[in-house]
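Below is the file coords02.txt, which contains compact mmCIF, C-alpha atoms.
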```txt
# COMPACT_ATOMS: atom_id res chain seq x y z
CA MET A 1 100.46 84.70 65.45
CA THR A 2 97.75 84.06 62.88
CA ASP A 3 95.90 81.69 65.24
CA ALA A 4 96.48 83.71 68.40
CA SER A 5 93.63 84.55 70.74
CA LEU A 6 92.60 88.15 71.33
CA ALA A 7 94.24 88.00 74.77
CA GLN A 8 97.52 86.91 73.16
CA TRP A 9 97.30 89.66 70.56
CA LEU A 10 96.65 92.32 73.20
CA GLN A 11 99.52 91.06 75.33
CA ARG A 12 101.80 91.47 72.33
CA LEU A 13 100.44 94.91 71.39
CA GLU A 14 100.77 96.13 74.96
CA GLN A 15 104.53 95.56 74.86
CA PRO A 16 106.40 98.84 74.75
CA HIS A 17 106.41 100.39 71.28
CA PRO A 18 109.39 102.60 70.41
CA GLN A 19 106.94 105.44 71.07
CA ALA A 20 103.73 104.74 73.00
CA VAL A 21 102.17 107.66 71.15
CA GLN A 22 103.44 108.16 67.60
CA LEU A 23 101.32 110.73 65.81
CA GLY A 24 101.30 110.75 62.03
CA LEU A 25 99.26 109.20 59.24
CA GLU A 26 101.92 107.83 56.89
CA ARG A 27 102.47 104.42 58.51
CA VAL A 28 98.87 103.61 59.35
CA GLY A 29 97.72 105.04 56.01
CA ALA A 30 100.13 102.79 54.13
CA VAL A 31 98.78 99.66 55.87
CA ALA A 32 95.20 100.82 55.27
CA ALA A 33 96.05 101.13 51.56
CA THR A 34 97.46 97.60 51.47
CA LEU A 35 94.26 96.35 53.06
CA GLU A 36 92.22 98.39 50.55
CA LEU A 37 90.21 99.94 53.36
CA LEU A 38 89.92 103.46 51.95
CA PRO A 39 87.82 105.26 51.02
CA LEU A 40 85.03 103.88 53.19
CA PRO A 41 81.81 103.31 51.23
CA GLN A 42 79.61 104.35 54.15
CA PRO A 43 78.91 107.81 55.59
CA VAL A 44 81.36 108.55 58.39
CA VAL A 45 81.05 110.80 61.43
CA SER A 46 84.37 111.64 63.11
CA VAL A 47 84.28 113.08 66.63
CA ALA A 48 87.14 115.09 68.15
CA GLY A 49 87.40 117.28 71.24
CA THR A 50 88.73 117.33 74.76
CA ASN A 51 85.61 116.29 76.66
CA GLY A 52 82.28 114.85 75.60
CA LYS A 53 83.35 112.67 72.66
CA GLY A 54 82.05 109.45 74.21
CA SER A 55 78.66 110.99 74.95
CA VAL A 56 78.29 112.28 71.37
CA VAL A 57 79.15 108.85 69.98
CA ALA A 58 76.71 107.10 72.33
CA VAL A 59 73.78 109.37 71.47
CA LEU A 60 74.46 109.31 67.73
CA GLU A 61 74.88 105.54 67.74
CA ALA A 62 71.60 105.09 69.63
CA LEU A 63 69.65 107.46 67.38
CA LEU A 64 70.92 105.86 64.18
CA GLY A 65 70.00 102.48 65.64
CA GLU A 66 66.49 103.73 66.43
CA THR A 67 66.07 104.72 62.78
CA GLY A 68 67.00 101.23 61.59
CA ARG A 69 70.62 101.72 60.59
CA ARG A 70 73.43 99.27 61.23
CA VAL A 71 76.10 101.32 62.98
CA GLY A 72 79.78 100.61 63.51
CA ALA A 73 81.34 102.66 66.31
CA PHE A 74 85.02 102.88 67.26
CA THR A 75 85.82 104.48 70.62
CA SER A 76 88.69 104.64 73.08
CA PRO A 77 89.86 103.91 75.63
CA HIS A 78 87.93 100.95 76.96
CA LEU A 79 87.00 100.41 80.59
CA LEU A 80 86.75 96.67 81.20
CA ARG A 81 87.29 94.88 77.88
CA PHE A 82 89.09 95.82 74.69
CA ASN A 83 86.00 94.74 72.73
CA GLU A 84 84.18 97.85 73.97
CA ARG A 85 86.23 99.84 71.45
CA ILE A 86 84.67 98.15 68.40
CA GLN A 87 80.89 97.88 68.41
CA VAL A 88 78.33 97.01 65.76
CA CYS A 89 74.67 97.81 66.41
CA GLY A 90 75.56 98.60 70.01
CA ASP A 91 77.18 95.24 70.71
CA ALA A 92 80.88 94.66 71.32
CA VAL A 93 82.48 92.57 68.56
CA PRO A 94 83.52 89.05 69.68
CA ASP A 95 87.14 88.13 70.44
CA ALA A 96 87.61 85.87 67.42
CA GLU A 97 86.54 88.56 64.97
CA ILE A 98 88.97 91.12 66.38
CA ALA A 99 91.80 88.55 66.53
CA ALA A 100 91.19 87.72 62.86
CA ALA A 101 91.38 91.42 62.00
CA PHE A 102 94.67 91.74 63.90
CA ALA A 103 96.06 88.77 61.97
CA ALA A 104 95.10 90.40 58.67
CA ILE A 105 96.81 93.63 59.73
CA GLU A 106 99.93 91.72 60.75
CA ARG A 107 100.12 90.11 57.31
CA ALA A 108 99.59 93.45 55.56
CA ARG A 109 101.96 95.66 57.54
CA GLY A 110 105.22 94.06 56.38
CA GLY A 111 108.01 95.94 58.15
CA ILE A 112 105.84 98.92 59.09
CA SER A 113 105.65 99.52 62.85
CA LEU A 114 102.20 100.25 64.28
CA THR A 115 101.13 101.39 67.73
CA TYR A 116 98.42 99.72 69.83
CA PHE A 117 95.93 102.44 68.83
CA GLU A 118 96.79 102.15 65.15
CA PHE A 119 96.21 98.37 65.23
CA ALA A 120 92.88 99.01 66.96
CA THR A 121 91.81 101.62 64.41
CA LEU A 122 92.59 99.38 61.44
CA ALA A 123 90.88 96.42 63.13
CA ALA A 124 87.72 98.48 63.57
CA LEU A 125 87.71 99.49 59.89
CA LEU A 126 88.20 95.87 58.84
CA VAL A 127 85.33 94.69 61.03
CA PHE A 128 83.02 97.43 59.74
CA ARG A 129 83.81 96.43 56.15
CA GLN A 130 83.16 92.78 56.85
CA ARG A 131 79.92 93.55 58.68
CA ALA A 132 78.76 95.93 55.90
CA VAL A 133 77.52 98.54 58.36
CA ASP A 134 75.43 101.46 57.12
CA VAL A 135 77.20 104.24 59.04
CA VAL A 136 80.60 104.47 60.75
CA ILE A 137 81.31 106.61 63.83
CA LEU A 138 84.95 107.21 64.73
CA GLU A 139 86.14 108.76 67.99
CA VAL A 140 89.52 110.48 67.75
CA GLY A 141 92.01 109.17 70.29
CA LEU A 142 94.35 112.17 70.61
CA GLY A 143 94.07 115.52 68.90
CA GLY A 144 92.74 115.01 65.40
CA ARG A 145 95.09 116.17 62.67
CA LEU A 146 97.63 113.38 63.17
CA ASP A 147 95.43 110.80 64.92
CA ALA A 148 95.08 107.43 63.18
CA VAL A 149 91.33 107.94 62.80
CA ASN A 150 92.07 110.85 60.47
CA ILE A 151 93.09 108.55 57.62
CA VAL A 152 89.33 108.44 57.01
CA ASP A 153 87.58 111.40 55.40
CA ALA A 154 84.61 112.32 57.56
CA SER A 155 81.23 112.96 55.94
CA VAL A 156 80.39 114.99 59.04
CA ALA A 157 82.89 116.19 61.64
CA VAL A 158 81.96 116.95 65.25
CA ILE A 159 84.23 118.93 67.56
CA THR A 160 83.14 118.92 71.19
CA SER A 161 84.41 121.17 73.99
CA ILE A 162 88.05 122.23 73.80
CA ASP A 163 90.11 122.52 76.96
CA LEU A 164 93.66 122.06 78.17
CA ASP A 165 94.74 118.41 78.12
CA HIS A 166 97.64 116.51 76.53
CA GLN A 167 99.50 119.82 76.27
CA ASP A 168 102.81 118.06 75.56
CA TRP A 169 101.34 116.79 72.30
CA LEU A 170 98.67 119.31 71.30
CA GLY A 171 99.77 122.73 72.54
CA THR A 172 99.49 124.88 75.63
CA SER A 173 96.45 127.00 74.75
CA ARG A 174 92.87 126.36 73.65
CA ALA A 175 93.71 128.04 70.37
CA GLN A 176 96.60 125.69 69.62
CA ILE A 177 94.64 122.63 70.69
CA SER A 178 91.65 123.66 68.58
CA LEU A 179 93.81 123.71 65.46
CA GLU A 180 94.77 120.08 66.10
CA LYS A 181 91.10 119.17 66.49
CA ALA A 182 90.30 121.02 63.25
CA GLY A 183 92.43 118.50 61.40
CA ILE A 184 89.39 116.23 61.01
CA LEU A 185 87.54 118.86 58.94
CA ARG A 186 87.25 118.39 55.18
CA ALA A 187 86.54 120.79 52.33
CA GLY A 188 82.88 120.83 51.35
CA ARG A 189 81.90 118.64 54.30
CA PRO A 190 79.79 119.89 57.23
CA ALA A 191 81.10 120.41 60.74
CA VAL A 192 79.37 120.68 64.11
CA ILE A 193 81.15 122.78 66.74
CA ALA A 194 79.72 122.00 70.19
CA ASP A 195 82.08 124.17 72.23
CA PRO A 196 79.97 127.08 73.56
CA GLU A 197 82.93 129.47 73.15
CA PRO A 198 85.05 128.10 70.31
CA PRO A 199 88.43 129.76 69.85
CA PRO A 200 88.34 132.18 66.88
CA GLU A 201 91.32 130.28 65.48
CA LEU A 202 89.15 127.16 65.12
CA LEU A 203 86.51 128.96 63.05
CA ALA A 204 89.20 130.63 60.96
CA ARG A 205 90.80 127.26 60.23
CA ALA A 206 87.43 125.77 59.32
CA ALA A 207 86.92 128.55 56.79
CA GLN A 208 90.47 128.12 55.48
CA LEU A 209 89.90 124.39 54.97
CA GLY A 210 86.58 125.00 53.26
CA ALA A 211 84.40 122.98 55.63
CA ALA A 212 80.75 123.82 54.97
CA PRO A 213 78.40 124.36 56.55
CA VAL A 214 80.04 125.01 59.93
CA LEU A 215 77.33 124.89 62.58
CA CYS A 216 78.13 126.37 65.99
CA LEU A 217 76.39 125.85 69.31
CA GLY A 218 74.65 129.05 70.34
CA ARG A 219 74.65 130.47 66.81
CA ASP A 220 73.22 127.81 64.48
CA PHE A 221 71.81 125.32 66.95
CA THR A 222 70.73 126.36 70.42
CA ILE A 223 69.78 125.13 73.87
CA THR A 224 67.17 126.75 76.11
CA ALA A 225 66.95 125.74 79.77
CA SER A 226 63.80 125.89 81.90
CA ASP A 227 62.74 124.84 85.38
CA THR A 228 61.56 121.47 84.09
CA GLY A 229 64.32 120.61 81.64
CA TRP A 230 65.81 121.89 78.42
CA ARG A 231 64.91 122.14 74.77
CA GLY A 232 67.17 122.21 71.74
CA ALA A 233 66.64 123.81 68.34
CA LEU A 234 68.64 122.24 65.49
CA TYR A 235 69.68 123.76 62.17
CA THR A 236 67.87 122.26 59.20
CA GLY A 237 68.92 124.57 56.38
CA ALA A 238 65.27 124.90 55.42
CA GLY A 239 64.63 128.23 57.09
CA ALA A 240 63.03 126.70 60.19
CA ALA A 241 64.73 125.00 63.14
CA ARG A 242 63.94 121.46 64.23
CA VAL A 243 62.74 121.99 67.81
CA LEU A 244 63.38 119.05 70.09
CA PRO A 245 60.89 117.86 72.70
CA LEU A 246 61.35 119.10 76.25
CA LEU A 247 64.03 116.86 77.74
CA PRO A 248 64.71 116.37 81.45
CA PRO A 249 68.13 117.03 83.00
CA GLY A 250 70.33 113.97 82.99
CA ALA A 251 73.85 112.64 83.14
CA LEU A 252 74.63 113.63 79.53
CA LEU A 253 75.27 117.30 78.78
CA PRO A 254 72.69 118.97 76.50
CA GLN A 255 75.46 120.38 74.31
CA ASN A 256 76.70 116.85 73.52
CA ILE A 257 73.21 115.53 72.91
CA CYS A 258 72.46 118.39 70.51
CA ALA A 259 75.79 117.92 68.72
CA ALA A 260 74.94 114.26 68.07
CA LEU A 261 71.42 115.03 66.87
CA GLN A 262 72.70 117.84 64.65
CA ALA A 263 75.23 115.46 63.09
CA ALA A 264 72.42 112.99 62.38
CA LEU A 265 70.42 115.69 60.58
CA LEU A 266 73.47 116.54 58.48
CA LEU A 267 73.66 112.88 57.47
CA GLY A 268 70.10 113.18 56.19
CA VAL A 269 68.57 111.15 59.00
CA THR A 270 64.94 111.91 59.75
CA CYS A 271 63.58 110.92 63.14
CA SER A 272 60.52 111.50 65.29
CA ASP A 273 60.47 113.00 68.76
CA ALA A 274 59.67 109.53 70.08
CA GLN A 275 62.81 108.15 68.45
CA VAL A 276 64.90 110.94 70.00
CA VAL A 277 63.53 110.15 73.45
CA ALA A 278 64.06 106.41 72.92
CA ALA A 279 67.63 107.01 71.76
CA LEU A 280 68.43 109.02 74.89
CA HIS A 281 67.10 106.18 77.04
CA ARG A 282 69.40 103.78 75.17
CA ALA A 283 72.46 106.02 75.19
CA ARG A 284 74.23 105.15 78.41
CA PRO A 285 77.99 105.55 77.94
CA ARG A 286 79.79 103.92 80.81
CA ALA A 287 81.40 106.07 83.48
CA ARG A 288 80.01 109.38 82.29
CA ARG A 289 78.32 110.50 85.49
CA GLU A 290 77.11 106.92 85.78
CA ALA A 291 74.98 106.32 88.87
CA LEU A 292 75.08 102.86 90.44
CA CYS A 293 73.61 101.28 93.52
CA VAL A 294 75.57 98.25 94.69
CA GLY A 295 74.99 96.49 98.00
CA GLY A 296 72.71 99.30 99.14
CA ARG A 297 75.39 101.93 98.55
CA ASP A 298 75.19 104.73 95.97
CA TYR A 299 78.00 105.58 93.57
CA VAL A 300 78.71 107.97 90.74
CA LEU A 301 81.51 107.00 88.34
CA ASP A 302 82.98 109.56 85.96
CA VAL A 303 86.11 109.50 83.84
CA ALA A 304 86.70 113.23 84.39
CA HIS A 305 90.46 113.72 84.14
CA ASN A 306 91.00 117.44 83.52
CA PRO A 307 89.74 120.60 85.25
CA ALA A 308 86.99 121.32 82.72
CA SER A 309 85.47 117.84 82.99
CA VAL A 310 85.73 117.92 86.79
CA ASP A 311 83.84 121.23 86.78
CA LYS A 312 81.02 119.56 84.83
CA LEU A 313 81.03 116.63 87.26
CA LEU A 314 80.72 119.04 90.19
CA GLU A 315 77.77 120.75 88.49
CA TYR A 316 76.07 117.37 88.20
CA ILE A 317 76.81 116.49 91.84
CA SER A 318 75.39 119.83 92.95
CA ALA A 319 72.27 119.41 90.82
CA THR A 320 71.60 115.88 92.13
CA PRO A 321 72.32 116.06 95.87
CA CYS A 322 72.21 112.96 98.01
CA LYS A 323 70.61 112.79 101.46
CA GLY A 324 73.85 112.14 103.29
CA LYS A 325 77.54 112.81 102.78
CA THR A 326 79.33 112.93 99.44
CA LEU A 327 82.68 111.15 99.43
CA ALA A 328 85.39 111.06 96.74
CA LEU A 329 87.68 108.31 95.53
CA PHE A 330 90.22 110.07 93.33
CA SER A 331 93.37 109.11 91.47
CA ALA A 332 94.78 110.80 88.37
CA MET A 333 97.72 110.36 86.06
CA ALA A 334 100.87 112.24 87.04
CA ASP A 335 100.97 114.23 83.79
CA LYS A 336 97.50 115.72 84.38
CA ASP A 337 96.62 119.03 86.02
CA ILE A 338 95.85 117.53 89.41
CA ALA A 339 96.04 120.88 91.19
CA GLY A 340 93.52 122.28 88.74
CA MET A 341 91.20 119.30 89.23
CA THR A 342 91.32 119.40 93.02
CA ALA A 343 91.18 123.20 93.40
CA ALA A 344 87.45 123.48 92.70
CA ALA A 345 86.61 120.08 94.16
CA ALA A 346 88.62 120.19 97.39
CA ALA A 347 85.84 121.50 99.61
CA CYS A 348 82.98 119.84 97.72
CA PHE A 349 83.42 116.42 99.32
CA ASP A 350 83.11 115.39 102.95
CA ALA A 351 86.08 113.02 102.70
CA TRP A 352 88.67 111.98 100.13
CA TYR A 353 90.02 108.46 99.62
CA LEU A 354 93.26 108.55 97.63
CA PRO A 355 94.80 105.32 96.32
CA ASP A 356 98.19 104.56 94.87
CA GLN A 357 98.19 102.46 91.68
CA PRO A 358 101.24 100.19 92.08
CA SER A 359 100.79 98.52 88.69
CA ASN A 360 100.38 101.80 86.82
CA SER A 361 103.60 103.76 86.44
CA ARG A 362 101.73 106.74 85.00
CA ALA A 363 99.58 107.32 88.10
CA ALA A 364 100.31 110.11 90.55
CA SER A 365 101.02 109.03 94.10
CA ALA A 366 98.40 109.28 96.79
CA ARG A 367 100.90 111.34 98.78
CA HIS A 368 101.09 113.98 96.03
CA SER A 369 97.30 114.31 95.73
CA ALA A 370 96.91 114.39 99.51
CA ALA A 371 99.42 117.24 99.84
CA LEU A 372 97.48 119.30 97.31
CA LEU A 373 94.15 118.62 98.96
CA ARG A 374 95.38 119.45 102.43
CA ARG A 375 96.46 122.85 101.14
CA GLN A 376 93.16 123.37 99.34
CA GLY A 377 90.59 121.49 101.38
CA ARG A 378 89.91 123.63 104.43
CA GLY A 379 90.14 120.72 106.82
CA THR A 380 88.44 118.09 104.64
CA ALA A 381 89.30 114.53 105.73
CA VAL A 382 91.91 112.93 103.49
CA SER A 383 93.24 109.36 103.66
CA LYS A 384 95.83 107.53 101.56
CA HIS A 385 95.59 103.87 100.52
CA ARG A 386 97.89 101.29 98.98
CA ASP A 387 95.60 100.64 95.97
CA ILE A 388 92.14 101.26 94.58
CA ALA A 389 90.66 98.15 96.20
CA GLN A 390 91.72 99.29 99.63
CA ALA A 391 90.50 102.85 99.06
CA LEU A 392 87.14 101.55 97.90
CA ALA A 393 86.84 99.24 100.90
CA SER A 394 87.63 102.08 103.31
CA ALA A 395 85.05 104.33 101.69
CA GLN A 396 82.45 101.56 101.79
CA ALA A 397 83.13 100.98 105.47
CA ALA A 398 82.53 104.65 106.18
CA MET A 399 79.35 105.00 104.11
CA ARG A 400 75.99 105.25 105.77
CA ARG A 401 72.50 105.18 104.29
CA GLY A 402 72.07 108.20 102.05
CA ASP A 403 75.79 108.72 101.46
CA ARG A 404 77.28 108.67 97.98
CA LEU A 405 80.79 107.87 96.71
CA VAL A 406 82.04 109.66 93.59
CA VAL A 407 84.87 107.86 91.75
CA PHE A 408 86.85 109.95 89.24
CA GLY A 409 90.27 111.09 88.04
CA SER A 410 91.10 108.77 85.14
CA PHE A 411 89.82 105.88 83.03
CA TYR A 412 92.20 103.58 84.94
CA THR A 413 90.75 104.60 88.30
CA VAL A 414 87.14 104.24 87.26
CA ALA A 415 87.77 100.95 85.44
CA ALA A 416 89.36 99.38 88.50
CA ALA A 417 86.56 100.52 90.80
CA LEU A 418 83.90 99.47 88.31
CA ALA A 419 85.40 95.99 88.01
CA LEU A 420 85.25 95.61 91.79
CA LEU A 421 81.69 96.87 91.98
CA GLU A 422 80.49 94.68 89.13
CA SER A 423 82.01 91.62 90.72
CA GLY A 424 79.01 91.69 93.03
CA ARG A 425 81.18 91.80 96.11
CA ASP A 426 82.43 94.61 98.25
CA ALA A 427 86.10 95.43 98.00
CA PRO A 428 88.59 93.66 100.32
CA ARG A 429 89.11 94.54 103.95
CA ALA A 430 89.48 98.28 104.61
CA GLY A 431 92.66 99.98 105.67
CA SER A 432 94.59 103.17 105.14
CA ARG A 433 97.91 104.89 105.57
CA GLN A 434 97.51 108.19 107.33
```

As C-alpha cells, what does this structure read like?
Amino acid sequence: MTDASLAQWLQRLEQPHPQAVQLGLERVGAVAATLELLPLPQPVVSVAGTNGKGSVVAVLEALLGETGRRVGAFTSPHLLRFNERIQVCGDAVPDAEIAAAFAAIERARGGISLTYFEFATLAALLVFRQRAVDVVILEVGLGGRLDAVNIVDASVAVITSIDLDHQDWLGTSRAQISLEKAGILRAGRPAVIADPEPPPELLARAAQLGAAPVLCLGRDFTITASDTGWRGALYTGAGAARVLPLLPPGALLPQNICAALQAALLLGVTCSDAQVVAALHRARPRARREALCVGGRDYVLDVAHNPASVDKLLEYISATPCKGKTLALFSAMADKDIAGMTAAAAACFDAWYLPDQPSNSRAASARHSAALLRRQGRGTAVSKHRDIAQALASAQAAMRRGDRLVVFGSFYTVAAALALLESGRDAPRAGSRQ
C-alpha cells in the first residue's frame, strides 16, 4: 500500500485490530526505534488528564505560535477529518504527507502489529521530524503510563482534571486513575497539575518519580475571579508571580488556560500580555462549548462525555443564558456513565432530543437514555429519533427565535451534528418515535 491514498490507509487501519485498545509501549516503541524517531530533538509538552486536554493544547499551541515558534501538535480524536489530529503551525497536515508517513511506518513495522492510534502517533512524530518544528505538543489518548504518546520523554508534563472515565482500563477511583496519568512524568522534568483537588496519590507518585518542580493549581499558580472576569498568577521561580491581564469569562476554563501558560513559562517562553490575549483569541478548539449560529438558530456544541465535563458544560450554559428555551440533543456511548451525566442535566433543558446511532455499535440506545431522563427529568419533554440527522431536524423545527440547542454526549454525536450544520443546510425532514 505504499501508493495508497489517506482514505485507503484509514479504511485499512479502521479494520478490527485484535484489540481495539492495546495499551503498552513495547510494540510502538520498537517501531519508533526502527524509524529512529527517538529521542525527539525538540522540547516536548505532553498533556494527560480526563477533561480539558484539548483546551490546554489549543492555548499552548496558539501562544507558542504568537511568539514565533513552529509548533507540531498531535491530538485525538478528530471530529470531521483525520488530518485534525496532526497539525503544524495550526494547520492540518495534507493527506499526501500523512499517507507517506503511514507507508514509512508500514515498511518499518515488519511483523509488529500496531493499533490505529499507534499508527497515528508514529505518523505525527514522522511529520514533525520532516517539518523540523520547534516544539512538539502531544495529547495522551488514554491514561498516560501505557499510552503510545508516552514513548516520548516530555520536557514538561501537564495533567489536567482527573475524573472517572474509562474505568475498565484505568481504575475505578480518582486515585487509581491519577497514577495512570502520572506515567507521563519524568525525573528532573517539571510538571503542571491543573486539577484543583489532585488526589494525594498523584503528588506522592510525582515525588517518587522525581518530577521537579511540580506546580499545582491553587498552590503554585492561582486564579482569582471578579465580577468582570478573572486573573491568573503564574509561578516564575524568581520570587515573584507573573500576573496575567484581566481576562473575560469565555468558553475555555481558566484552569486550562493557566495550565497552558504555565507550561509555556516552564519551556522558557517569554510573552507579553498582548500576546497572551492574542493567543486566547486564536485558541478555538472545536466542540468545546463552541457557540454557532446557523440559519438564524443558535447552537452550543460540546464533547462532554462524563459527569464532570457535563457539570462544567451546565455551568457555562447557566452563565450564558439565552433569551428563549434551551434544548438538548444528547447521545452517549453505552460504556459511559449516562445516569451520572443526565442526573444533573435532566431538569436543566426544556426538551431533550435523543437519537439512536445505527452505524455506531458503541452508542447507547435512545430508549435507554429516555428511560433514565423520564425518571430524572420531572416532566421534561423527551423524544426519541432514528438517528442524529432526524433528532437535529426535529429540534430545529421546534426552535424559535432566542432558543438554543446544546449538542453533547460524545465526540461521535457532536461530529455528526457539526457535519450537518457545516453543510450549510438544515437537517432532513423532522420526525420522531415517541

* Write out as a PyMOL selection string the residues lying within 12 Å of Ala132 of chain A, counting only C-alpha atoms and excluding same-chain residues fewer than 4 positions away. => chain A and resi 40-43+69-72+88-89+125-128+136

* Selection as JSON, numbers by chain: residues within 12 Å of (88.2, 102.6, 88.2), counting only C-alpha atoms -> {"A": [78, 79, 80, 286, 287, 299, 300, 301, 302, 303, 304, 329, 330, 331, 332, 355, 357, 387, 388, 389, 391, 392, 406, 407, 408, 409, 410, 411, 412, 413, 414, 415, 416, 417, 418, 419, 420, 421, 422]}

* **Nearest candidate to Pro307 of chain A (options A:Ser359, A:Gln8, A:Thr50, A:Gln376; using all atoms listed in the file)** => A:Thr50

* **Which residue of A:Ile137, A:Leu114, A:Ala346, A:Ala120 approaches Gly54 of chain A most closely, using only C-alpha atoms** =>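 Checking each candidate against Gly54 of chain A, we get A:Ile137 as the closest.
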
* Asked: atom CA of Ala108 of chain A and atom CA of Asp91 of chain A, how far apart in Å?
  -> 27.1 Å

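In this model, the gap between atom CA of Ala100 of chain A and atom CA of Thr75 of chain A comes to 19.2 Å.
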
* Closest of A:Ile112, A:Gln208, A:Gly295, A:Ala260 to Ser423 of chain A - atom-to-atom distances counting only C-alpha atoms -> A:Gly295

* Could you state the separation of atom CA of Leu202 of chain A and atom CA of Ser178 of chain A in Å, given to one decimal place? -> 5.5 Å

Per-residue nearest contacts segment 69-137 of chain A to segment 24-36 of chain A, cut-off 12 Å, using all atoms listed in the file, as CSV:
```
residue,atom,partner,partner_atom,distance
A:Ala101,CA,A:Leu35,CA,10.6
A:Phe102,CA,A:Leu35,CA,11.8
A:Ala103,CA,A:Leu35,CA,11.8
A:Ala104,CA,A:Leu35,CA,8.2
A:Ile105,CA,A:Val31,CA,7.4
A:Glu106,CA,A:Val31,CA,9.4
A:Arg107,CA,A:Leu35,CA,9.6
A:Ala108,CA,A:Thr34,CA,6.2
A:Arg109,CA,A:Val31,CA,5.4
A:Gly110,CA,A:Val31,CA,8.5
A:Gly111,CA,A:Arg27,CA,10.1
A:Ile112,CA,A:Arg27,CA,6.5
A:Ser113,CA,A:Arg27,CA,7.3
A:Leu114,CA,A:Val28,CA,6.8
A:Thr115,CA,A:Val28,CA,9.0
A:Tyr116,CA,A:Val28,CA,11.2
A:Phe117,CA,A:Val28,CA,10.0
A:Glu118,CA,A:Val28,CA,6.3
A:Phe119,CA,A:Val28,CA,8.3
A:Ala120,CA,A:Val28,CA,10.7
A:Thr121,CA,A:Val28,CA,8.9
A:Leu122,CA,A:Ala32,CA,6.9
A:Ala123,CA,A:Ala32,CA,10.0
A:Ala124,CA,A:Ala32,CA,11.4
A:Leu125,CA,A:Ala32,CA,8.9
A:Leu126,CA,A:Leu35,CA,8.4
A:Arg129,CA,A:Glu36,CA,10.3
```

* To do: Excluding Leu63 of chain A and any residue of its chain fewer than 6 positions from it, enumerate the residues within 9 Å of it, using all atoms listed in the file, and give them as JSON, numbers by chain.
  => {"A": [69, 260, 261, 264, 271, 275, 276, 278, 279, 280, 282, 283]}

* Quick one: residues within 10 Å of Lys323 of chain A, all atoms listed in the file counted, chain neighbours fewer than 5 positions away excluded, as a ChimeraX atom specification? -> /A:401-404

* Asked: Could you pull the residues within 6 Å of Ile159 of chain A, counting only C-alpha atoms, minus those fewer than 3 positions along the same chain, as an NGL selection string?
  -> :A and (47-49 or 193)

* Asked: From the set A:Asn306, A:Ser272, A:Gln11, A:Ser155, which residue has the shortest atom-to-atom contact distance to Ala339 of chain A, counting only C-alpha atoms?
  ->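 Ranked by minimum distance to Ala339 of chain A, first place goes to A:Asn306.
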
* **Neighbour residues at most 10 Å from (73.6, 115.1, 64.2) (only C-alpha atoms) as JSON, numbers by chain** => {"A": [45, 56, 59, 60, 63, 64, 156, 157, 158, 191, 192, 234, 235, 256, 257, 258, 259, 260, 261, 262, 263, 264, 265, 266, 267, 268, 269]}

* Name the residues in contact with Leu217 of chain A at a cut-off of 6 Å, using only C-alpha atoms, excluding same-chain residues fewer than 3 positions from it; report them as a PyMOL selection string. => chain A and resi 194+196+221-222

Deliver the residues from the most recent selection as a file, using C-alpha atoms, as a PDB file, in the frame of the given file.
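Saved file result17.pdb follows:
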```pdb
ATOM      1  CA  ALA A 194      79.720 122.000  70.190  1.00  0.00           C
ATOM      2  CA  PRO A 196      79.970 127.080  73.560  1.00  0.00           C
ATOM      3  CA  PHE A 221      71.810 125.320  66.950  1.00  0.00           C
ATOM      4  CA  THR A 222      70.730 126.360  70.420  1.00  0.00           C
TER       5      THR A 222
END
```

* Given the choices A:Ala62, A:Ile151, A:Ala366, A:Leu327, which gets closest to Ala397 of chain A if the distance is worked out from only C-alpha atoms? -> A:Leu327

* Proximity to Ala274 of chain A - best of A:Thr67, A:Tyr353, A:Ser76, A:Leu142, all atoms listed in the file ->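 The answer is A:Thr67, which sits nearest to Ala274 of chain A.
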